[in-house]
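The next block is run.pdb, given as PDB, C-alpha atoms and all ligand atoms.
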```
ATOM      1  CA  MET A   1     330.635 -31.558-173.285  1.00  0.00           C
ATOM      2  CA  HIS A   2     331.984 -34.884-172.035  1.00  0.00           C
ATOM      3  CA  LYS A   3     328.917 -35.316-169.832  1.00  0.00           C
ATOM      4  CA  GLY A   4     326.683 -34.555-172.770  1.00  0.00           C
ATOM      5  CA  LEU A   5     328.345 -37.288-174.825  1.00  0.00           C
ATOM      6  CA  ILE A   6     327.811 -39.853-172.071  1.00  0.00           C
ATOM      7  CA  LEU A   7     324.151 -38.840-171.779  1.00  0.00           C
ATOM      8  CA  LEU A   8     323.773 -39.174-175.527  1.00  0.00           C
ATOM      9  CA  MET A   9     325.299 -42.655-175.456  1.00  0.00           C
ATOM     10  CA  ILE A  10     323.007 -43.715-172.621  1.00  0.00           C
ATOM     11  CA  LEU A  11     320.078 -42.386-174.595  1.00  0.00           C
ATOM     12  CA  LEU A  12     321.187 -44.240-177.720  1.00  0.00           C
ATOM     13  CA  LEU A  13     321.722 -47.450-175.763  1.00  0.00           C
ATOM     14  CA  SER A  14     318.279 -47.323-174.195  1.00  0.00           C
ATOM     15  CA  VAL A  15     316.679 -46.643-177.576  1.00  0.00           C
ATOM     16  CA  MET A  16     318.495 -49.686-178.987  1.00  0.00           C
ATOM     17  CA  LEU A  17     317.367 -51.754-176.029  1.00  0.00           C
ATOM     18  CA  VAL A  18     313.718 -50.747-176.456  1.00  0.00           C
ATOM     19  CA  VAL A  19     313.878 -51.439-180.196  1.00  0.00           C
ATOM     20  CA  SER A  20     315.450 -54.859-179.720  1.00  0.00           C
ATOM     21  CA  CYS A  21     312.904 -55.817-177.054  1.00  0.00           C
ATOM     22  CA  GLY A  22     310.112 -54.747-179.375  1.00  0.00           C
ATOM     23  CA  ARG A  23     311.587 -56.886-182.142  1.00  0.00           C
ATOM     24  CA  LYS A  24     311.890 -59.855-179.861  1.00  0.00           C
ATOM     25  CA  GLY A  25     308.207 -59.594-178.943  1.00  0.00           C
ATOM     26  CA  LYS A  26     307.289 -59.428-182.595  1.00  0.00           C
ATOM     27  CA  ASP A  27     309.456 -62.439-183.430  1.00  0.00           C
ATOM     28  CA  ILE A  28     307.770 -64.531-180.778  1.00  0.00           C
ATOM     29  CA  SER A  29     304.266 -63.689-181.984  1.00  0.00           C
ATOM     30  CA  GLU A  30     305.279 -64.404-185.578  1.00  0.00           C
ATOM     31  CA  MET A  31     306.717 -67.724-184.480  1.00  0.00           C
ATOM     32  CA  GLY A  32     303.453 -68.562-182.687  1.00  0.00           C
ATOM     33  CA  ALA A  33     301.454 -67.833-185.802  1.00  0.00           C
ATOM     34  CA  GLU A  34     303.673 -70.109-187.864  1.00  0.00           C
ATOM     35  CA  GLU A  35     303.440 -72.946-185.377  1.00  0.00           C
ATOM     36  CA  ALA A  36     299.689 -72.812-184.898  1.00  0.00           C
ATOM     37  CA  PRO A  37     298.683 -74.819-188.011  1.00  0.00           C
ATOM     38  CA  ALA A  38     301.174 -77.561-187.133  1.00  0.00           C
ATOM     39  CA  ALA A  39     299.736 -77.812-183.618  1.00  0.00           C
ATOM     40  CA  GLU A  40     296.231 -78.056-185.056  1.00  0.00           C
ATOM     41  CA  GLU A  41     297.277 -80.917-187.304  1.00  0.00           C
ATOM     42  CA  ALA A  42     298.753 -82.780-184.359  1.00  0.00           C
ATOM     43  CA  VAL A  43     295.436 -82.491-182.485  1.00  0.00           C
ATOM     44  CA  SER A  44     293.342 -83.682-185.423  1.00  0.00           C
ATOM     45  CA  ASP A  45     295.720 -86.617-185.816  1.00  0.00           C
ATOM     46  CA  ALA A  46     295.030 -87.760-182.277  1.00  0.00           C
ATOM     47  CA  ASP A  47     291.454 -89.027-182.458  1.00  0.00           C
ATOM     48  CA  ASP A  48     290.983 -88.970-178.711  1.00  0.00           C
ATOM     49  CA  MET A  49     292.020 -85.380-178.358  1.00  0.00           C
ATOM     50  CA  ALA A  50     289.843 -84.294-181.264  1.00  0.00           C
ATOM     51  CA  GLU A  51     286.925 -86.086-179.663  1.00  0.00           C
ATOM     52  CA  MET A  52     287.568 -84.413-176.319  1.00  0.00           C
ATOM     53  CA  ALA A  53     287.824 -80.997-177.931  1.00  0.00           C
ATOM     54  CA  ALA A  54     284.512 -81.573-179.685  1.00  0.00           C
ATOM     55  CA  MET A  55     282.600 -82.484-176.511  1.00  0.00           C
ATOM     56  CA  PRO A  56     279.936 -79.981-175.536  1.00  0.00           C
ATOM     57  CA  GLY A  57     279.870 -78.072-172.258  1.00  0.00           C
ATOM     58  CA  ALA A  58     277.196 -78.608-169.604  1.00  0.00           C
ATOM     59  CA  ASP A  59     274.743 -76.707-171.752  1.00  0.00           C
ATOM     60  CA  ALA A  60     271.467 -77.940-173.254  1.00  0.00           C
ATOM     61  CA  GLY A  61     271.969 -76.107-176.569  1.00  0.00           C
ATOM     62  CA  GLU A  62     275.530 -77.357-177.047  1.00  0.00           C
ATOM     63  CA  LEU A  63     274.458 -80.871-176.107  1.00  0.00           C
ATOM     64  CA  TRP A  64     271.602 -80.786-178.635  1.00  0.00           C
ATOM     65  CA  ASN A  65     274.004 -79.703-181.415  1.00  0.00           C
ATOM     66  CA  PHE A  66     276.355 -82.475-180.391  1.00  0.00           C
ATOM     67  CA  ILE A  67     273.784 -85.285-180.489  1.00  0.00           C
ATOM     68  CA  THR A  68     272.117 -84.089-183.696  1.00  0.00           C
ATOM     69  CA  GLU A  69     275.034 -82.683-185.736  1.00  0.00           C
ATOM     70  CA  THR A  70     278.531 -83.350-184.363  1.00  0.00           C
ATOM     71  CA  SER A  71     277.818 -86.977-183.527  1.00  0.00           C
ATOM     72  CA  PRO A  72     274.229 -87.878-184.505  1.00  0.00           C
ATOM     73  CA  TYR A  73     272.918 -90.219-181.822  1.00  0.00           C
ATOM     74  CA  THR A  74     270.942 -92.249-184.376  1.00  0.00           C
ATOM     75  CA  GLU A  75     274.311 -93.522-185.632  1.00  0.00           C
ATOM     76  CA  TRP A  76     275.289 -94.759-182.157  1.00  0.00           C
ATOM     77  CA  SER A  77     274.575 -98.241-180.807  1.00  0.00           C
ATOM     78  CA  TYR A  78     271.559 -99.361-178.863  1.00  0.00           C
ATOM     79  CA  TRP A  79     272.170-100.286-175.266  1.00  0.00           C
ATOM     80  CA  PRO A  80     273.371-103.916-175.492  1.00  0.00           C
ATOM     81  CA  ASP A  81     270.579-106.448-174.896  1.00  0.00           C
ATOM     82  CA  TYR A  82     268.109-103.573-175.055  1.00  0.00           C
ATOM     83  CA  GLU A  83     268.040-103.025-178.781  1.00  0.00           C
ATOM     84  CA  GLY A  84     265.495-101.205-180.889  1.00  0.00           C
ATOM     85  CA  TYR A  85     262.014-100.333-179.715  1.00  0.00           C
ATOM     86  CA  GLN A  86     261.314-101.336-176.146  1.00  0.00           C
ATOM     87  CA  PRO A  87     258.148-101.055-174.117  1.00  0.00           C
ATOM     88  CA  GLY A  88     258.615 -98.005-171.889  1.00  0.00           C
ATOM     89  CA  LYS A  89     257.298 -97.257-168.459  1.00  0.00           C
ATOM     90  CA  SER A  90     255.840 -94.095-166.964  1.00  0.00           C
ATOM     91  CA  PRO A  91     257.131 -91.377-166.675  1.00  0.00           C
ATOM     92  CA  HIS A  92     258.986 -91.913-169.950  1.00  0.00           C
ATOM     93  CA  GLY A  93     257.309 -92.836-173.221  1.00  0.00           C
ATOM     94  CA  ALA A  94     255.120 -95.850-173.873  1.00  0.00           C
ATOM     95  CA  ILE A  95     257.808 -96.988-176.298  1.00  0.00           C
ATOM     96  CA  LEU A  96     261.468 -96.102-176.136  1.00  0.00           C
ATOM     97  CA  ARG A  97     264.871 -96.597-177.677  1.00  0.00           C
ATOM     98  CA  VAL A  98     268.109 -96.122-175.747  1.00  0.00           C
ATOM     99  CA  PHE A  99     271.258 -95.077-177.629  1.00  0.00           C
ATOM    100  CA  VAL A 100     274.755 -95.097-176.145  1.00  0.00           C
ATOM    101  CA  ASP A 101     277.791 -93.368-177.639  1.00  0.00           C
ATOM    102  CA  GLU A 102     280.992 -95.231-178.466  1.00  0.00           C
ATOM    103  CA  HIS A 103     282.640 -94.237-175.183  1.00  0.00           C
ATOM    104  CA  GLY A 104     279.685 -95.526-173.167  1.00  0.00           C
ATOM    105  CA  MET A 105     279.633 -98.765-175.151  1.00  0.00           C
ATOM    106  CA  ALA A 106     283.299 -99.311-174.249  1.00  0.00           C
ATOM    107  CA  ASN A 107     282.437 -98.725-170.581  1.00  0.00           C
ATOM    108  CA  ILE A 108     279.575-101.244-170.738  1.00  0.00           C
ATOM    109  CA  ALA A 109     281.854-103.803-172.385  1.00  0.00           C
ATOM    110  CA  ASP A 110     284.392-103.321-169.592  1.00  0.00           C
ATOM    111  CA  ASP A 111     283.223-105.707-166.849  1.00  0.00           C
ATOM    112  CA  MET A 112     285.402-103.988-164.285  1.00  0.00           C
ATOM    113  CA  LYS A 113     283.654-100.649-164.763  1.00  0.00           C
ATOM    114  CA  SER A 114     281.481 -99.524-161.870  1.00  0.00           C
ATOM    115  CA  SER A 115     280.387 -96.264-163.463  1.00  0.00           C
ATOM    116  CA  MET A 116     280.453 -94.439-166.768  1.00  0.00           C
ATOM    117  CA  ASP A 117     283.409 -92.248-167.689  1.00  0.00           C
ATOM    118  CA  ASN A 118     283.231 -88.504-168.057  1.00  0.00           C
ATOM    119  CA  GLY A 119     282.055 -87.577-171.543  1.00  0.00           C
ATOM    120  CA  VAL A 120     279.636 -90.485-171.951  1.00  0.00           C
ATOM    121  CA  VAL A 121     276.279 -89.540-173.500  1.00  0.00           C
ATOM    122  CA  ILE A 122     273.085 -91.627-173.363  1.00  0.00           C
ATOM    123  CA  VAL A 123     270.045 -90.606-175.392  1.00  0.00           C
ATOM    124  CA  LYS A 124     266.597 -92.043-174.904  1.00  0.00           C
ATOM    125  CA  GLU A 125     263.849 -91.511-177.445  1.00  0.00           C
ATOM    126  CA  ASN A 126     260.406 -91.516-175.897  1.00  0.00           C
ATOM    127  CA  PHE A 127     257.484 -92.383-178.167  1.00  0.00           C
ATOM    128  CA  MET A 128     253.732 -92.081-177.884  1.00  0.00           C
ATOM    129  CA  PRO A 129     251.772 -95.349-178.131  1.00  0.00           C
ATOM    130  CA  ASP A 130     251.268 -94.590-181.863  1.00  0.00           C
ATOM    131  CA  THR A 131     255.096 -94.374-182.269  1.00  0.00           C
ATOM    132  CA  THR A 132     255.197 -90.578-182.700  1.00  0.00           C
ATOM    133  CA  LEU A 133     258.408 -89.290-181.148  1.00  0.00           C
ATOM    134  CA  ALA A 134     257.368 -87.284-178.093  1.00  0.00           C
ATOM    135  CA  ALA A 135     260.643 -86.317-176.409  1.00  0.00           C
ATOM    136  CA  LEU A 136     264.329 -86.988-176.038  1.00  0.00           C
ATOM    137  CA  THR A 137     265.787 -87.456-172.581  1.00  0.00           C
ATOM    138  CA  VAL A 138     269.552 -87.283-172.312  1.00  0.00           C
ATOM    139  CA  MET A 139     272.178 -88.009-169.671  1.00  0.00           C
ATOM    140  CA  TYR A 140     275.655 -86.612-170.241  1.00  0.00           C
ATOM    141  CA  LYS A 141     278.469 -87.144-167.732  1.00  0.00           C
ATOM    142  CA  VAL A 142     280.482 -83.952-167.234  1.00  0.00           C
ATOM    143  CA  GLU A 143     283.455 -83.983-164.882  1.00  0.00           C
ATOM    144  CA  GLY A 144     282.822 -81.801-161.835  1.00  0.00           C
ATOM    145  CA  PHE A 145     279.325 -80.776-162.944  1.00  0.00           C
ATOM    146  CA  ASN A 146     277.411 -82.288-160.032  1.00  0.00           C
ATOM    147  CA  PRO A 147     279.748 -84.659-158.132  1.00  0.00           C
ATOM    148  CA  GLU A 148     277.293 -85.570-155.336  1.00  0.00           C
ATOM    149  CA  VAL A 149     274.981 -87.271-157.814  1.00  0.00           C
ATOM    150  CA  GLY A 150     277.231 -88.815-160.412  1.00  0.00           C
ATOM    151  CA  ASP A 151     278.157 -85.699-162.411  1.00  0.00           C
ATOM    152  CA  TRP A 152     275.301 -86.289-164.847  1.00  0.00           C
ATOM    153  CA  PHE A 153     273.973 -83.357-166.842  1.00  0.00           C
ATOM    154  CA  TRP A 154     270.283 -84.071-167.536  1.00  0.00           C
ATOM    155  CA  ALA A 155     268.252 -82.750-170.424  1.00  0.00           C
ATOM    156  CA  LYS A 156     264.825 -83.217-171.910  1.00  0.00           C
ATOM    157  CA  TYR A 157     263.988 -81.934-175.386  1.00  0.00           C
ATOM    158  CA  SER A 158     261.031 -81.798-177.722  1.00  0.00           C
ATOM    159  CA  PRO A 159     261.758 -83.530-181.025  1.00  0.00           C
ATOM    160  CA  ASP A 160     262.550 -80.084-182.546  1.00  0.00           C
ATOM    161  CA  GLY A 161     265.223 -79.416-179.912  1.00  0.00           C
ATOM    162  CA  THR A 162     263.200 -77.150-177.635  1.00  0.00           C
ATOM    163  CA  VAL A 163     264.581 -77.570-174.127  1.00  0.00           C
ATOM    164  CA  ALA A 164     261.977 -78.747-171.623  1.00  0.00           C
ATOM    165  CA  ALA A 165     264.372 -79.268-168.719  1.00  0.00           C
ATOM    166  CA  SER A 166     268.126 -79.273-168.298  1.00  0.00           C
ATOM    167  CA  GLY A 167     270.966 -79.233-165.816  1.00  0.00           C
ATOM    168  CA  THR A 168     270.016 -80.767-162.466  1.00  0.00           C
ATOM    169  CA  PRO A 169     266.204 -81.235-162.584  1.00  0.00           C
ATOM    170  CA  ALA A 170     265.038 -82.549-159.208  1.00  0.00           C
ATOM    171  CA  GLY A 171     262.592 -84.935-160.909  1.00  0.00           C
ATOM    172  CA  CYS A 172     265.223 -86.722-162.981  1.00  0.00           C
ATOM    173  CA  ILE A 173     267.716 -86.929-160.130  1.00  0.00           C
ATOM    174  CA  GLY A 174     265.102 -87.904-157.542  1.00  0.00           C
ATOM    175  CA  CYS A 175     263.865 -90.885-159.508  1.00  0.00           C
ATOM    176  CA  HIS A 176     267.176 -92.026-161.009  1.00  0.00           C
ATOM    177  CA  GLY A 177     268.652 -91.618-157.494  1.00  0.00           C
ATOM    178  CA  GLY A 178     266.972 -94.945-156.736  1.00  0.00           C
ATOM    179  CA  VAL A 179     269.622 -96.592-158.883  1.00  0.00           C
ATOM    180  CA  ALA A 180     272.573 -94.483-157.672  1.00  0.00           C
ATOM    181  CA  SER A 181     274.599 -97.657-157.116  1.00  0.00           C
ATOM    182  CA  ASN A 182     274.281 -98.348-160.850  1.00  0.00           C
ATOM    183  CA  ASP A 183     275.572 -94.846-161.688  1.00  0.00           C
ATOM    184  CA  TYR A 184     271.974 -93.533-161.794  1.00  0.00           C
ATOM    185  CA  LEU A 185     271.147 -95.784-164.741  1.00  0.00           C
ATOM    186  CA  PHE A 186     268.060 -97.987-164.859  1.00  0.00           C
ATOM    187  CA  THR A 187     269.091 -99.810-167.992  1.00  0.00           C
ATOM    188  CA  GLY A 188     271.841-102.387-167.899  1.00  0.00           C
ATOM    189  CA  ASN A 189     274.178-103.170-165.089  1.00  0.00           C
ATOM    190  CA  VAL A 190     277.134-100.835-164.835  1.00  0.00           C
ATOM    191  CA  GLY A 191     277.564-101.196-161.085  1.00  0.00           C
ATOM    192  CA  GLY A 192     278.234-104.927-161.269  1.00  0.00           C
ATOM    193  CA  ASP A 193     275.748-106.525-158.892  1.00  0.00           C
ATOM    194  CA  VAL A 194     272.677-104.342-159.134  1.00  0.00           C
ATOM    195  CA  GLU A 195     269.485-106.049-160.238  1.00  0.00           C
ATOM    196  CA  GLU A 196     267.914-104.405-163.236  1.00  0.00           C
ATOM    197  CA  GLU A 197     265.157-102.326-161.738  1.00  0.00           C
ATOM    198  CA  HIS A 198     262.603-100.545-163.816  1.00  0.00           C
ATOM    199  CA  GLU A 199     260.187 -99.773-161.035  1.00  0.00           C
ATOM    200  CA  HIS A 200     259.368 -96.180-160.336  1.00  0.00           C
ATOM    201  CA  ASP A 201     257.119 -93.899-158.357  1.00  0.00           C
ATOM    202  CA  ASP A 202     253.823 -93.651-160.218  1.00  0.00           C
ATOM    203  CA  ASP A 203     252.765 -90.593-158.219  1.00  0.00           C
ATOM    204  CA  GLU A 204     255.270 -88.497-160.090  1.00  0.00           C
ATOM    205  CA  LYS A 205     253.808 -87.581-163.450  1.00  0.00           C
ATOM    206  CA  TYR A 206     256.205 -86.652-166.188  1.00  0.00           C
ATOM    207  CA  GLU A 207     254.960 -86.709-169.708  1.00  0.00           C
ATOM    208  CA  ASP A 208     258.048 -87.865-171.472  1.00  0.00           C
TER     209      ASP A 208
HETATM  210  C1  LIG B 301     259.716 -91.339-161.887  1.00  0.00           C
HETATM  211  C2  LIG B 301     260.957 -91.918-162.333  1.00  0.00           C
HETATM  212  C3  LIG B 301     261.770 -91.229-163.440  1.00  0.00           C
HETATM  213  C4  LIG B 301     261.925 -89.891-163.677  1.00  0.00           C
HETATM  214  C5  LIG B 301     261.283 -88.719-162.959  1.00  0.00           C
HETATM  215  C6  LIG B 301     262.854 -89.792-164.781  1.00  0.00           C
HETATM  216  N1  LIG B 301     263.239 -91.032-165.196  1.00  0.00           N
HETATM  217 FE1  LIG B 301     264.580 -91.465-166.684  1.00  0.00          FE
HETATM  218  N2  LIG B 301     264.202 -93.442-166.447  1.00  0.00           N
HETATM  219  C7  LIG B 301     263.322 -93.998-165.548  1.00  0.00           C
HETATM  220  C8  LIG B 301     263.204 -95.408-165.813  1.00  0.00           C
HETATM  221  C9  LIG B 301     262.326 -96.382-165.030  1.00  0.00           C
HETATM  222  C10 LIG B 301     264.053 -95.698-166.892  1.00  0.00           C
HETATM  223  C11 LIG B 301     264.224 -97.021-167.572  1.00  0.00           C
HETATM  224  C12 LIG B 301     263.287 -96.951-168.753  1.00  0.00           C
HETATM  225  C13 LIG B 301     262.910 -98.238-169.313  1.00  0.00           C
HETATM  226  O1  LIG B 301     263.796 -98.864-169.890  1.00  0.00           O
HETATM  227  O2  LIG B 301     261.740 -98.604-169.188  1.00  0.00           O
HETATM  228  C14 LIG B 301     264.679 -94.434-167.262  1.00  0.00           C
HETATM  229  C15 LIG B 301     265.626 -94.313-168.264  1.00  0.00           C
HETATM  230  C16 LIG B 301     266.252 -93.132-168.594  1.00  0.00           C
HETATM  231  C17 LIG B 301     267.356 -93.017-169.540  1.00  0.00           C
HETATM  232  C18 LIG B 301     268.088 -94.180-170.198  1.00  0.00           C
HETATM  233  C19 LIG B 301     269.252 -94.581-169.274  1.00  0.00           C
HETATM  234  C20 LIG B 301     268.744 -95.289-168.050  1.00  0.00           C
HETATM  235  O3  LIG B 301     268.875 -94.761-166.943  1.00  0.00           O
HETATM  236  O4  LIG B 301     268.212 -96.412-168.202  1.00  0.00           O
HETATM  237  C21 LIG B 301     267.632 -91.684-169.648  1.00  0.00           C
HETATM  238  C22 LIG B 301     268.716 -91.063-170.529  1.00  0.00           C
HETATM  239  C23 LIG B 301     266.720 -90.967-168.782  1.00  0.00           C
HETATM  240  N3  LIG B 301     265.892 -91.871-168.146  1.00  0.00           N
HETATM  241  C24 LIG B 301     266.717 -89.607-168.614  1.00  0.00           C
HETATM  242  C25 LIG B 301     265.846 -88.928-167.765  1.00  0.00           C
HETATM  243  C26 LIG B 301     265.769 -87.473-167.675  1.00  0.00           C
HETATM  244  C27 LIG B 301     266.630 -86.492-168.457  1.00  0.00           C
HETATM  245  C28 LIG B 301     264.803 -87.197-166.761  1.00  0.00           C
HETATM  246  C29 LIG B 301     264.270 -85.831-166.321  1.00  0.00           C
HETATM  247  C30 LIG B 301     263.808 -84.947-167.363  1.00  0.00           C
HETATM  248  C31 LIG B 301     264.277 -88.464-166.269  1.00  0.00           C
HETATM  249  N4  LIG B 301     264.941 -89.483-166.912  1.00  0.00           N
HETATM  250  C32 LIG B 301     263.276 -88.595-165.325  1.00  0.00           C
HETATM  251  C33 LIG B 301     262.665 -93.337-164.539  1.00  0.00           C
HETATM  252  C34 LIG B 301     262.586 -91.949-164.409  1.00  0.00           C
END
```
Transcribe the structure of this file into structure tokens.
Amino acid sequence: MHKGLILLMILLLSVMLVVSCGRKGKDISEMGAEEAPAAEEAVSDADDMAEMAAMPGADAGELWNFITETSPYTEWSYWPDYEGYQPGKSPHGAILRVFVDEHGMANIADDMKSSMDNGVVIVKENFMPDTTLAALTVMYKVEGFNPEVGDWFWAKYSPDGTVAASGTPAGCIGCHGGVASNDYLFTGNVGGDVEEEHEHDDDEKYED
């Protein structure tokens, strides 16, 4: 009888323990749910963090949505001293316009910069001689994406967003590799002492 009582108490105690643990778990999840909106507000308050969170992955579709909807590239700045319509060279369009996002503009303004930061996006519009938009070619720096060649994610789109090439196309990298010391950029002078060099290999035919 005595033994039975002890067993009963042990049983009761373990039931109480299980119940209280269960409650604790529930309390924590409830607490999390209450705190979530506050945390969201904090993020949207910090412009930088919101911007980071909104950056696309190394994905042509995500990048297209970013440059056309999240942060329309037509609202960005032209590359400094390379504003508006410029005569293009093969393999890109006969006429072109180069847009740089705010982050890239800050990098260009920073004389001490020798390369673009992660997250920088550069969009080039490539036009036919009659000024019809033929293609968009984009360079987007993604940390760890392709470290041997500057971590640039490359993409080429039709004006309607159809992806013609993306990721690490050998053509883009091969030709832009000639200006690796300028962070793979032909336009401008990010590397500091690189002569602007718009020459290219005419044998390679790309119709953009
Ligand atoms: C055969 C050489 C060549 C190939 C291939 C090539 N590019 Fe370019 N690219 C250039 C040159 C030259 C410029 C400078 C254009 C100008 O201002 O006349 C340029 C400019 C650019 C720019 C503007 C930033 C900069 O570097 O000046 C982007 C963005 C770009 N190319 C993306 C691409 C993408 C994406 C591909 C592959 C689909 C590609 N390019 C393939 C030669 C090339």
Given the choices A:Gly88, A:Ala54, A:Asn146, A:Gly93, which gets closest to Phe127 (chain A) if the distance is worked out from all atoms listed in the file? A:Gly93
Applied to the shown file, which residues does the PyMOL selection byres (((not hetatm)) within 6 of (chain B and resi 301)) return, written as a PyMOL selection string? chain A and resi 88-89+91+98+122-124+137-139+154-156+165+171-172+175-176+185-187+198-201+204
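For the set A:Tyr157, A:Ser115, A:Glu75, A:Val120, the residue with the smallest atom-to-atom gap to Val179 (chain A) is A:Ser115, counting all atoms listed in the file.
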Name all residues at most 8 Å from Met128 (chain A) (count all atoms listed in the file; drop same-chain ones fewer than 3 positions away) and give them as a list in words. Gly93, Ala94, Ile95, Thr131, Thr132, Leu133 and Ala134 of chain A
Atoms to include: C-alpha atoms. Write the selected residues as a PDB file, in the frame of the given file.
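Printed below is selection-v5.pdb as written:
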```
ATOM      1  CA  GLY A  93     257.309 -92.836-173.221  1.00  0.00           C
ATOM      2  CA  ALA A  94     255.120 -95.850-173.873  1.00  0.00           C
ATOM      3  CA  ILE A  95     257.808 -96.988-176.298  1.00  0.00           C
ATOM      4  CA  THR A 131     255.096 -94.374-182.269  1.00  0.00           C
ATOM      5  CA  THR A 132     255.197 -90.578-182.700  1.00  0.00           C
ATOM      6  CA  LEU A 133     258.408 -89.290-181.148  1.00  0.00           C
ATOM      7  CA  ALA A 134     257.368 -87.284-178.093  1.00  0.00           C
TER       8      ALA A 134
END
```
Return the single residue from A:Asn189, A:Thr68, A:Asn118, A:Asn182 that is closest to Asp81 (chain A), with distances computed using only C-alpha atoms. A:Asn189
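From CA of Glu125 (chain A) back to CA of Asn65 (chain A), the distance works out to 16.1 Å.
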What residues come out when you apply the PyMOL selection byres (((chain A and resi 148) around 12) and not hetatm) to this file, written as a count of residues only? 15
Take the point (273.9, -91.5, -180.4) in the file's coordinates, draw a sphere of radius 8 Å around it, and report as a short mmCIF file (atom, residue, chain, number, x, y, z; two decimals) with C-alpha atoms, keeping the file's coordinate frame every protein, DNA or RNA residue with an atom inside or on it, counting all atoms listed in the file.
```
data_model
loop_
_atom_site.label_atom_id
_atom_site.label_comp_id
_atom_site.auth_asym_id
_atom_site.auth_seq_id
_atom_site.Cartn_x
_atom_site.Cartn_y
_atom_site.Cartn_z
CA ILE A 67 273.78 -85.28 -180.49
CA SER A 71 277.82 -86.98 -183.53
CA PRO A 72 274.23 -87.88 -184.50
CA TYR A 73 272.92 -90.22 -181.82
CA THR A 74 270.94 -92.25 -184.38
CA GLU A 75 274.31 -93.52 -185.63
CA TRP A 76 275.29 -94.76 -182.16
CA SER A 77 274.58 -98.24 -180.81
CA PHE A 99 271.26 -95.08 -177.63
CA VAL A 100 274.76 -95.10 -176.14
CA ASP A 101 277.79 -93.37 -177.64
CA VAL A 121 276.28 -89.54 -173.50
CA ILE A 122 273.08 -91.63 -173.36
CA VAL A 123 270.04 -90.61 -175.39
#
```
